[in-house]
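Following: one structure in structure tokens, then a few remarks.
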Amino acid sequence: GVCPGGGSGVGGPVMARPGRAPGGGPAAPPPPPPPPPGGAPPRGAPRVVDRYGAVRTVRASGVIALLGGLLIVFAGHPAVAMAGFALMGLGIAVVVPLCFAAAGRSGSNPSLAIAGVATITYTSGLVAPSAIGMLAQATSLMVSFVLVTLLTCGIAGFAGVLRAGDRVKVTRPDAAVPERRP
């Protein structure tokens with residue numbers, strides 16, 4: 001779920017410039033700076049997760065991100081593309097915090113799982129924009145956004161792995177802290 005997040009910020013302003021979007025129109029204002037990897041989820045997310053669970057929430061988030069990607073790809077007007085970017089961001093925003101939460105509940109040594117999630121998150125945040133940009137340069141910006149949109153399908157498809165964090169409970173609150181050696 002992280003790669004689509006890192007890749008979706010590439011080229012948004014370019015998509016909205018005249019001649020780039022199918023409908024043309026005035027140039028879009030510059031986008032706000034991107035949030036740090038694993039940025040803050042939407043305000044109502046904790047209530048949604050409490051009510052429906054992490055797996056259902058991430059699946060729904062994946063569908064929202066997919067709808068946003070489809071709006072970006074098939075936008076006939078810059079405002080539609082911008083709405084697509086907003087939906088994609090909204091869909092992806094919940095995924096990373098829930099991955100970290102599941103990693104924190106994943107066995108007797110959750111620090112290893114958290115480190116794994118952090119490594120994937122930061123690596124994809126560094127690699128995805130360049131990879132999407134190189135693909136766009138080799139083909140077109142539209143092709144790169146089709147790929148990002150297809151990658152968002154993985155969010156919903158792999159949401160079930162978050163269930164593993166619920167199966168194994170940490171028995172000691174200090175299990176992640178290594179024991180001191182004399």
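Convention: chains lettered A, B, ... in structure tokens order; per-chain residue numbering from 1; ligands numbered from 1 as shown.
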
Task: Long-range neighbours of segment 143-157 of chain A as number ranges by chain, 6 Å cut-off, only C-alpha atoms, 2 positions minimum in chain - done: A: 1, 4, 59, 62, 66, 69, 132, 135-136, 140-141, 159

TODO: Mind giving me the straight-line distance from atom CA of Ser124 of chain A to atom CA of Phe158 of chain A in Å, one decimal?
DONE: 16.6 Å

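The interatomic distance for the pair atom CA of Leu67 of chain A and atom CA of Ala79 of chain A works out to 14.9 Å.
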
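As for atom CA of Ser111 of chain A and atom CA of Arg43 of chain A, they are spaced 26.6 Å apart.
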
Task: A:Thr123, A:Ala45, A:Val117, A:Gly104 ranked by distance to Gly91 of chain A, top pick (using only C-alpha atoms) - done: A:Ala45

Task: Top pick for closest residue to Cys99 of chain A, considering A:Val58, A:Ala75, A:Phe85, A:Val127 and counting only C-alpha atoms - done: A:Val58
